[in-house]
$ cat run.txt   # compact mmCIF, C-alpha atoms
# COMPACT_ATOMS: atom_id res chain seq x y z
CA MET A 1 -112.25 -67.91 -7.27
CA GLU A 2 -112.70 -68.35 -10.97
CA ASP A 3 -110.44 -70.37 -13.25
CA GLY A 4 -107.27 -68.53 -14.26
CA GLU A 5 -107.49 -65.99 -11.48
CA VAL A 6 -104.32 -65.43 -9.51
CA SER A 7 -104.94 -65.52 -5.84
CA GLY A 8 -102.98 -62.57 -4.46
CA THR A 9 -100.03 -60.73 -5.84
CA ASN A 10 -97.56 -60.77 -2.94
CA HIS A 11 -96.20 -64.25 -2.29
CA THR A 12 -93.07 -65.16 -0.43
CA HIS A 13 -90.38 -67.55 -1.73
CA ALA A 14 -91.40 -70.02 0.94
CA GLU A 15 -94.99 -70.06 -0.32
CA THR A 16 -94.09 -70.47 -3.99
CA GLY A 17 -91.06 -72.66 -3.44
CA TYR A 18 -88.71 -70.31 -5.51
CA ASP A 19 -85.08 -69.67 -4.54
CA PRO A 20 -82.70 -67.35 -6.56
CA ALA A 21 -79.87 -69.81 -5.93
CA TYR A 22 -81.66 -72.17 -8.29
CA GLU A 23 -81.05 -69.79 -11.21
CA TRP A 24 -78.29 -70.74 -13.72
CA PRO A 25 -75.42 -68.21 -13.42
CA GLY A 26 -74.17 -68.81 -16.96
CA ASN A 27 -71.11 -70.52 -18.48
CA THR A 28 -68.31 -68.31 -17.18
CA GLU A 29 -65.57 -70.67 -18.39
CA VAL A 30 -66.78 -70.54 -21.99
CA THR A 31 -66.89 -66.76 -21.80
CA GLN A 32 -63.30 -66.58 -20.57
CA SER A 33 -62.03 -68.98 -23.24
CA THR A 34 -63.87 -67.04 -25.92
CA THR A 35 -62.22 -63.82 -24.70
CA VAL A 36 -58.75 -65.38 -24.86
CA LEU A 37 -59.44 -66.74 -28.34
CA ASN A 38 -60.55 -63.34 -29.58
CA GLU A 39 -57.43 -61.71 -28.17
CA SER A 40 -55.15 -64.26 -29.84
CA LEU A 41 -56.91 -63.85 -33.16
CA SER A 42 -56.68 -60.07 -32.96
CA SER A 43 -52.90 -60.26 -32.33
CA THR A 44 -52.18 -62.61 -35.26
CA PHE A 45 -54.76 -61.35 -37.73
CA LYS A 46 -53.59 -58.58 -40.07
CA PRO A 47 -56.28 -56.29 -41.46
CA TRP A 48 -54.28 -55.61 -44.62
CA SER A 49 -53.73 -57.66 -47.77
CA LEU A 50 -50.68 -59.80 -48.34
CA LEU A 51 -47.88 -57.82 -50.04
CA ARG A 52 -44.70 -59.29 -51.43
CA LEU A 53 -42.15 -57.92 -53.88
CA LEU A 54 -40.47 -60.25 -56.32
CA VAL A 55 -37.06 -59.07 -57.57
CA GLN A 56 -36.99 -59.07 -61.36
CA THR A 57 -33.65 -57.33 -62.03
CA SER A 58 -31.03 -56.02 -59.64
CA SER A 59 -27.32 -55.29 -59.71
CA VAL A 60 -26.87 -54.86 -55.96
CA LEU A 61 -28.92 -57.60 -54.32
CA PRO A 62 -27.49 -61.13 -54.12
CA LYS A 63 -28.76 -63.55 -56.71
CA VAL A 64 -30.17 -65.79 -53.99
CA GLN A 65 -32.32 -63.10 -52.37
CA ARG A 66 -35.26 -62.64 -54.73
CA LEU A 67 -38.26 -62.08 -52.44
CA ALA A 68 -39.22 -59.27 -50.04
CA VAL A 69 -41.94 -60.35 -47.58
CA LEU A 70 -43.67 -57.15 -46.49
CA ASP A 71 -47.07 -58.44 -45.37
CA GLU A 72 -46.01 -58.67 -41.70
CA HIS A 73 -45.42 -54.90 -41.43
CA LYS A 74 -47.60 -51.89 -42.06
CA GLU A 75 -44.66 -49.78 -43.29
CA VAL A 76 -41.41 -50.71 -45.08
CA GLN A 77 -38.66 -48.32 -46.18
CA PHE A 78 -36.24 -48.49 -49.12
CA GLY A 79 -32.81 -46.82 -48.97
CA ARG A 80 -29.07 -47.00 -49.45
CA ASP A 81 -28.15 -46.97 -45.75
CA ILE A 82 -29.19 -49.32 -43.00
CA ALA A 83 -31.90 -48.28 -40.58
CA PRO A 84 -30.76 -46.16 -37.60
CA ALA A 85 -30.00 -47.95 -34.36
CA GLY A 86 -33.13 -48.60 -32.35
CA SER A 87 -35.48 -48.13 -35.31
CA GLY A 88 -38.34 -50.61 -35.48
CA THR A 89 -39.25 -49.81 -39.09
CA PRO A 90 -37.99 -52.48 -41.51
CA ARG A 91 -35.93 -51.38 -44.49
CA VAL A 92 -34.87 -52.97 -47.78
CA ARG A 93 -31.28 -51.87 -48.33
CA LEU A 94 -30.17 -51.20 -51.92
CA LYS A 95 -26.51 -50.29 -51.65
CA GLU A 96 -25.82 -48.13 -54.73
CA MET A 97 -25.35 -44.43 -55.43
CA ALA A 98 -28.50 -44.23 -57.57
CA VAL A 99 -30.52 -44.87 -54.40
CA SER A 100 -30.85 -42.17 -51.74
CA LYS A 101 -30.26 -42.78 -48.04
CA LEU A 102 -34.05 -42.92 -47.52
CA HIS A 103 -35.46 -43.37 -51.00
CA ALA A 104 -39.10 -44.53 -50.76
CA THR A 105 -41.67 -45.95 -48.36
CA VAL A 106 -44.39 -48.56 -48.89
CA PHE A 107 -47.24 -48.46 -46.33
CA TRP A 108 -50.78 -49.70 -45.76
CA ASP A 109 -53.38 -46.95 -46.19
CA ALA A 110 -56.08 -47.90 -43.66
CA GLY A 111 -58.49 -45.21 -44.91
CA ARG A 112 -58.43 -46.38 -48.53
CA ARG A 113 -57.65 -49.98 -47.54
CA GLU A 114 -54.84 -50.34 -50.08
CA TRP A 115 -51.06 -50.48 -50.28
CA ALA A 116 -49.36 -47.27 -51.41
CA VAL A 117 -45.84 -46.10 -52.22
CA VAL A 118 -44.32 -42.66 -51.55
CA ASP A 119 -41.07 -41.26 -52.90
CA MET A 120 -39.29 -39.55 -50.01
CA GLY A 121 -37.65 -36.85 -52.15
CA SER A 122 -34.95 -38.93 -53.81
CA LYS A 123 -32.59 -37.50 -56.41
CA HIS A 124 -32.90 -40.18 -59.10
CA GLY A 125 -36.59 -40.93 -58.46
CA SER A 126 -38.85 -43.95 -58.12
CA PHE A 127 -40.71 -45.37 -61.12
CA LEU A 128 -44.00 -47.25 -61.16
CA ARG A 129 -45.43 -49.04 -64.16
CA PRO A 130 -49.16 -49.38 -63.49
CA GLY A 131 -51.69 -51.51 -65.31
CA GLY A 132 -49.95 -54.86 -64.93
CA TYR A 133 -46.47 -56.14 -65.58
CA SER A 134 -46.12 -57.84 -68.97
CA GLY A 135 -42.44 -57.98 -69.94
CA PRO A 136 -40.03 -60.75 -68.86
CA THR A 137 -37.38 -58.28 -67.68
CA VAL A 138 -37.08 -54.57 -67.05
CA ASN A 139 -33.71 -52.99 -67.88
CA VAL A 140 -32.50 -49.61 -66.73
CA GLY A 141 -32.85 -47.10 -69.55
CA GLU A 142 -36.04 -48.59 -70.98
CA ASP A 143 -39.62 -47.50 -70.28
CA LEU A 144 -39.67 -47.74 -66.49
CA GLY A 145 -43.13 -46.25 -66.17
CA VAL A 146 -44.25 -43.09 -64.41
CA ARG A 147 -41.88 -41.21 -62.14
CA LEU A 148 -43.57 -40.52 -58.82
CA SER A 149 -42.10 -37.03 -58.27
CA PRO A 150 -39.40 -34.66 -59.55
CA SER A 151 -35.90 -34.74 -58.14
CA ARG A 152 -35.59 -33.76 -54.46
CA VAL A 153 -39.40 -33.50 -54.12
CA ALA A 154 -41.54 -35.89 -52.07
CA SER A 155 -44.45 -37.47 -53.94
CA PHE A 156 -48.08 -38.09 -53.10
CA PRO A 157 -49.06 -41.66 -52.19
CA ARG A 158 -49.54 -43.82 -55.25
CA ALA A 159 -51.66 -46.98 -54.95
CA LEU A 160 -49.99 -50.31 -55.69
CA LYS A 161 -51.81 -52.94 -57.71
CA HIS A 162 -51.12 -56.58 -58.35
CA LYS A 163 -48.37 -57.17 -60.95
CA ASP A 164 -47.19 -53.53 -60.96
CA ALA A 165 -43.47 -52.90 -61.58
CA LEU A 166 -41.67 -50.70 -59.02
CA THR A 167 -38.17 -49.56 -60.02
CA ILE A 168 -35.73 -48.04 -57.51
CA GLY A 169 -32.23 -47.48 -58.82
CA SER A 170 -31.19 -50.54 -60.81
CA THR A 171 -33.60 -52.84 -58.95
CA THR A 172 -37.06 -53.64 -60.29
CA PHE A 173 -39.67 -55.31 -58.08
CA VAL A 174 -42.85 -57.01 -59.28
CA VAL A 175 -45.71 -56.33 -56.84
CA HIS A 176 -47.74 -59.30 -55.59
CA ILE A 177 -50.92 -58.36 -53.65
CA HIS A 178 -53.37 -61.04 -52.49
CA SER A 179 -56.49 -60.00 -50.58
CA ASP A 180 -57.03 -63.54 -49.24
CA ARG A 181 -53.54 -63.43 -47.67
CA MET A 182 -52.55 -66.62 -49.48
CA SER A 183 -49.29 -66.48 -51.43
CA CYS A 184 -49.15 -67.71 -54.98
CA GLU A 185 -46.53 -69.99 -56.46
CA GLY A 186 -44.39 -67.08 -57.63
CA CYS A 187 -44.21 -65.21 -54.30
CA ALA A 188 -43.95 -68.19 -51.97
CA PRO A 189 -40.67 -68.35 -50.00
CA SER A 190 -38.42 -71.37 -50.18
CA GLU A 191 -38.34 -74.02 -47.50
CA SER A 192 -34.98 -72.84 -46.16
CA GLY A 193 -35.89 -69.14 -46.48
CA ASP A 194 -32.66 -68.23 -48.27
CA ASN A 195 -34.48 -66.28 -50.98
CA ILE A 196 -35.98 -63.77 -48.52
CA ILE A 197 -34.43 -60.31 -48.38
CA PRO A 198 -33.58 -59.34 -44.76
CA LEU A 199 -35.47 -56.30 -43.53
CA PHE A 200 -33.32 -55.70 -40.44
CA PRO A 201 -29.50 -55.49 -40.24
CA THR A 202 -27.68 -58.68 -39.33
CA SER A 203 -24.06 -59.20 -38.32
CA LYS A 204 -22.84 -60.94 -41.45
CA GLY A 205 -19.14 -60.27 -40.92
CA VAL A 206 -18.76 -62.60 -37.94
CA LYS A 207 -20.89 -65.27 -39.58
CA ARG A 208 -18.87 -65.24 -42.80
CA ALA A 209 -15.59 -65.35 -40.92
CA ARG A 210 -16.75 -68.34 -38.93
CA GLU A 211 -17.96 -70.15 -42.02
CA GLU A 212 -14.68 -69.60 -43.87
CA VAL A 213 -12.33 -70.44 -41.02
CA GLY A 214 -14.42 -73.10 -39.32
CA PRO A 215 -16.27 -73.52 -36.05
CA VAL A 216 -14.99 -71.74 -32.99
CA PRO A 217 -13.06 -74.20 -30.76
CA SER A 218 -14.95 -75.23 -27.68
CA GLU A 219 -13.52 -75.42 -24.19
CA GLY A 220 -12.48 -79.04 -24.67
CA ARG A 221 -10.35 -78.27 -27.73
CA ASP A 222 -6.86 -76.83 -27.81
CA ALA A 223 -6.99 -73.10 -28.52
CA LYS A 224 -3.32 -72.93 -29.62
CA ARG A 225 -3.84 -75.67 -32.16
CA ALA A 226 -6.93 -73.92 -33.51
CA LEU A 227 -4.94 -70.67 -33.85
CA THR A 228 -2.19 -72.51 -35.73
CA MET A 229 -4.73 -73.99 -38.13
CA LEU A 230 -6.20 -70.54 -38.66
CA LYS A 231 -2.78 -69.14 -39.61
CA ARG A 232 -2.20 -71.96 -42.06
CA THR A 233 -5.59 -71.40 -43.65
CA LEU A 234 -4.98 -67.69 -44.13
CA LEU A 235 -1.46 -68.20 -45.48
CA SER A 236 -2.59 -70.87 -47.91
CA ARG A 237 -4.76 -68.27 -49.65
CA HIS A 238 -1.73 -66.18 -50.51
CA ASP A 239 0.14 -69.25 -51.76
CA ALA A 240 -2.77 -70.23 -53.99
CA ALA A 241 -2.98 -66.72 -55.41
CA ARG A 242 0.58 -66.89 -56.71
CA SER A 243 1.02 -68.01 -60.29
CA PRO A 244 2.89 -71.31 -60.90
CA SER A 245 5.30 -69.67 -63.36
CA ALA A 246 6.44 -67.10 -60.82
CA SER A 247 6.89 -69.71 -58.08
CA SER A 248 8.83 -72.15 -60.31
CA GLN A 249 11.44 -69.60 -61.42
CA PRO A 250 14.02 -68.72 -58.74
CA SER A 251 14.39 -65.06 -58.01
CA SER A 252 17.71 -63.65 -59.24
CA TYR A 253 19.36 -60.31 -58.54
CA VAL A 254 19.29 -57.86 -61.44
CA ASP A 255 22.12 -55.35 -61.52
CA ARG A 256 20.37 -52.31 -62.90
CA SER A 257 23.50 -50.16 -62.51
CA ALA A 258 25.44 -52.45 -64.84
CA LYS A 259 22.70 -52.16 -67.45
CA ARG A 260 22.70 -48.40 -67.12
CA ARG A 261 26.49 -48.24 -67.49
CA ALA A 262 26.29 -50.43 -70.60
CA LEU A 263 23.73 -48.15 -72.19
CA PHE A 264 25.50 -44.92 -71.12
CA PRO A 265 29.27 -45.56 -70.79
CA SER A 266 31.17 -43.32 -68.43
CA SER A 267 33.41 -40.49 -69.65
CA PRO A 268 36.66 -39.08 -68.20
CA LEU A 269 36.63 -37.47 -64.79
CA ASP A 270 34.96 -34.13 -64.48
CA THR A 271 38.15 -32.17 -63.75
CA PRO A 272 39.22 -28.67 -64.73
CA GLY A 273 40.95 -28.63 -68.09
CA THR A 274 39.44 -31.91 -69.25
CA PRO A 275 36.53 -32.41 -71.64
CA SER A 276 33.11 -32.45 -70.06
CA PRO A 277 31.53 -35.91 -69.59
CA ARG A 278 28.23 -34.38 -70.62
CA SER A 279 27.66 -34.32 -74.33
CA ASP A 280 25.12 -32.66 -76.53
CA SER A 281 24.45 -35.75 -78.62
CA PRO A 282 24.03 -39.42 -77.70
CA SER A 283 26.57 -40.45 -80.32
CA THR A 284 29.32 -38.61 -78.50
CA ALA A 285 28.44 -40.23 -75.17
CA SER A 286 28.21 -43.71 -76.70
CA SER A 287 31.54 -43.45 -78.50
CA GLY A 288 33.32 -42.11 -75.41
CA SER A 289 35.53 -39.79 -77.51
CA ALA A 290 36.33 -36.37 -76.10
CA ARG A 291 34.91 -33.38 -77.88
CA ILE A 292 37.58 -31.18 -79.49
CA PRO A 293 37.21 -27.56 -78.34
CA GLU A 294 36.71 -25.02 -81.07
CA THR A 295 39.19 -22.10 -81.24
CA PRO A 296 37.38 -18.78 -81.69
CA ALA A 297 38.17 -16.86 -84.87
CA PRO A 298 40.18 -13.59 -84.59
CA PRO A 299 38.10 -10.38 -84.51
CA GLN A 300 37.33 -8.83 -87.88
CA PRO A 301 36.41 -5.18 -88.64
CA LEU A 302 32.74 -4.41 -88.97
CA PRO A 303 31.45 -4.39 -92.55
CA GLU A 304 29.95 -1.27 -94.07
CA SER A 305 26.50 -2.84 -94.02
CA ASN A 306 26.54 -3.08 -90.21
CA ILE A 307 23.86 -0.86 -88.69
CA GLY A 308 25.98 0.09 -85.70
CA ARG A 309 28.84 1.18 -87.95
CA GLN A 310 26.47 3.33 -90.00
CA LEU A 311 25.02 5.00 -86.85
CA LEU A 312 28.51 5.82 -85.53
CA MET A 313 29.56 7.32 -88.85
CA LYS A 314 26.46 9.54 -88.90
CA GLN A 315 27.47 10.85 -85.48
CA GLY A 316 30.97 11.79 -86.76
CA TRP A 317 33.02 8.69 -86.11
CA GLN A 318 35.61 7.70 -88.71
CA PRO A 319 37.21 4.28 -89.12
CA GLY A 320 40.66 4.08 -87.50
CA THR A 321 39.85 6.64 -84.80
CA ALA A 322 39.06 6.09 -81.14
CA LEU A 323 35.67 6.53 -79.58
CA GLY A 324 34.98 9.36 -77.22
CA SER A 325 35.02 13.15 -77.05
CA GLY A 326 38.66 13.47 -75.97
CA ASN A 327 41.23 14.81 -78.39
CA ASN A 328 44.32 13.35 -76.70
CA GLY A 329 43.87 10.04 -78.51
CA SER A 330 43.77 8.00 -75.28
CA GLY A 331 40.86 5.85 -76.46
CA LEU A 332 41.23 2.33 -77.73
CA VAL A 333 41.41 1.94 -81.45
CA GLU A 334 41.64 -1.85 -81.60
CA PRO A 335 39.07 -3.97 -79.72
CA LEU A 336 40.05 -6.09 -76.74
CA GLU A 337 41.33 -9.52 -77.64
CA VAL A 338 39.86 -12.40 -75.69
CA SER A 339 42.25 -15.25 -74.98
CA ALA A 340 40.20 -18.40 -75.27
CA THR A 341 40.88 -21.10 -72.66
CA SER A 342 41.26 -24.70 -73.70
CA ASN A 343 38.52 -27.12 -72.77
CA ARG A 344 36.80 -26.02 -69.55
CA SER A 345 39.62 -24.29 -67.74
CA GLY A 346 38.87 -20.88 -66.26
CA LEU A 347 40.85 -17.64 -65.99
CA GLY A 348 44.25 -18.06 -64.40
CA MET A 349 44.51 -21.74 -65.27
CA PRO A 350 47.96 -22.83 -66.43
CA GLU A 351 48.38 -23.93 -70.01
CA LYS A 352 48.92 -27.57 -69.04
CA ALA A 353 46.03 -28.82 -67.00
CA PRO A 354 46.53 -31.78 -64.68
CA THR A 355 45.31 -35.05 -66.11
CA PRO A 356 44.27 -38.18 -64.30
CA SER A 357 47.39 -39.96 -65.57
CA SER A 358 49.75 -37.44 -63.97
CA GLY A 359 48.60 -38.31 -60.46
CA ASP A 360 45.67 -37.73 -58.18
CA TRP A 361 44.64 -34.14 -58.78
CA ARG A 362 42.54 -34.11 -55.62
CA GLU A 363 45.56 -34.81 -53.45
CA SER A 364 47.67 -32.28 -55.31
CA GLY A 365 44.97 -29.65 -54.81
CA LYS A 366 44.87 -30.38 -51.08
CA GLN A 367 48.64 -30.06 -50.83
CA LYS A 368 48.57 -26.75 -52.70
CA ARG A 369 45.86 -25.29 -50.48
CA TRP A 370 47.72 -26.47 -47.39
CA ALA A 371 50.93 -24.81 -48.60
CA ASP A 372 49.12 -21.55 -49.33
CA MET A 373 47.57 -21.58 -45.86
CA ILE A 374 51.00 -22.08 -44.24
CA ASP A 375 52.54 -19.27 -46.27
CA LYS A 376 49.82 -16.86 -45.16
CA LYS A 377 50.54 -17.67 -41.54
$ encode --input "run.txt" --output "structure tokens"
Amino acid sequence: MEDGEVSGTNHTHAETGYDPAYEWPGNTEVTQSTTVLNESLSSTFKPWSLLRLLVQTSSVLPKVQRLAVLDEHKEVQFGRDIAPAGSGTPRVRLKEMAVSKLHATVFWDAGRREWAVVDMGSKHGSFLRPGGYSGPTVNVGEDLGVRLSPSRVASFPRALKHKDALTIGSTTFVVHIHSDRMSCEGCAPSESGDNIIPLFPTSKGVKRAREEVGPVPSEGRDAKRALTMLKRTLLSRHDAARSPSASSQPSSYVDRSAKRRALFPSSPLDTPGTPSPRSDSPSTASSGSARIPETPAPPQPLPESNIGRQLLMKQGWQPGTALGSGNNGSGLVEPLEVSATSNRSGLGMPEKAPTPSSGDWRESGKQKRWADMIDKK
């Protein structure tokens, strides 16, 4: 057998001394740990750039909340109302009538690998100033930039760039986009996180009530005493709201009827045959003097210039004769005389009307009616 020649091709493991158990199976533990690490990185890693909106001007957001952190979500909505119950989409609420219920949406466009904004068909529109934000403030009524779409019409997606100005209603946001996902000094949140705008509704009413009144009493404390302190706290607000001048002066009763009687003095009783307490002029009411009734003048014959007299004469009537077609002279020649009544007395009233000084006229009237009723029976 020459050098380098292999003696035979079929050899058993016993002849060669080879055993498959001697082979290294591989580091299975390292593979498992690497798989877990990859899964954790894929859950925390965001494939999109960091996006944050810095509030420049706003009349509805609190002065403390000046930063909207949107880089943890792929889609964020803007609107006047809160998000519906059970909705997982975050929403920046701008509570004013210039903002629609669902005004606009900012989302990550995976195909173009950029952040974009869409107007959802709002009435007053969304404005974007591209090319960089340069001014210190943006006021409503100035050059707000390009309107994304007409009123009540949804817009096409518009790409957002770093330092763009997005105006919705009276609120203007400055866009901060960082591809390295590292926030700058301007868009970094505070240590306490008070300057971050909440993206999901929170129950602020209960929290504010607890902060104003105080902590809720625990089981070891007296609940009745805590309720008493709560009443005192609420009542003290009303006492503090009162002005010191009003509290120092004692309240006195004001007789408004006496003032009215002094301005408008009363007149005699409103009885038949007496002057009316109502007067045509304020001077008469203030003086309290009774108005003297005017006696009507006796009837006078019609003058020749009277149109009615001229028409009657054209039809054959002569002065001193009666009207009518009869020839027996039964018509009236003189007109009827009207007997004027004094003061306010009516027909059938005696010449001397009862006065308040002559007794109670109400009682006398009752007695007279009673007597008449007995006579009829």
$ axis_aligned_box --input "run.txt" --around "region 52-67 of chain A" --padding-each-side "8 Å" --output "AutoDock Vina command-line options"
--center_x -35.8 --center_y -60.3 --center_z -56.7 --size_x 33.8 --size_y 26.9 --size_z 26.6
$ atom_distance --input "run.txt" --atom1 "CA of Gly79 (chain A)" --atom2 "CA of Val55 (chain A)"
15.6 Å
$ atom_distance --input "run.txt" --atom1 "CA of Ile177 (chain A)" --atom2 "CA of His162 (chain A)"
5.0 Å
$ closest_residue --input "run.txt" --among "A:Ser126, A:Ala223, A:Glu337, A:Trp317" --to "Pro298 (chain A)" --atoms "all atoms listed in the file"
A:Glu337
$ closest_residue --input "run.txt" --among "A:Asp143, A:Asp109, A:Ile307, A:Pro335" --to "Gly320 (chain A)" --atoms "only C-alpha atoms"
A:Pro335
$ closest_residue --input "run.txt" --among "A:Ser49, A:Ser151, A:Thr172, A:Gln65" --to "Ser192 (chain A)" --atoms "all atoms listed in the file"
A:Gln65
$ residues_near_point --input "run.txt" --point "(-54.9, -64.9, -51.2)" --cutoff "12 Å" --atoms "all atoms listed in the file" --output "number ranges by chain"
A: 48-52, 71, 162, 176-185, 187-188
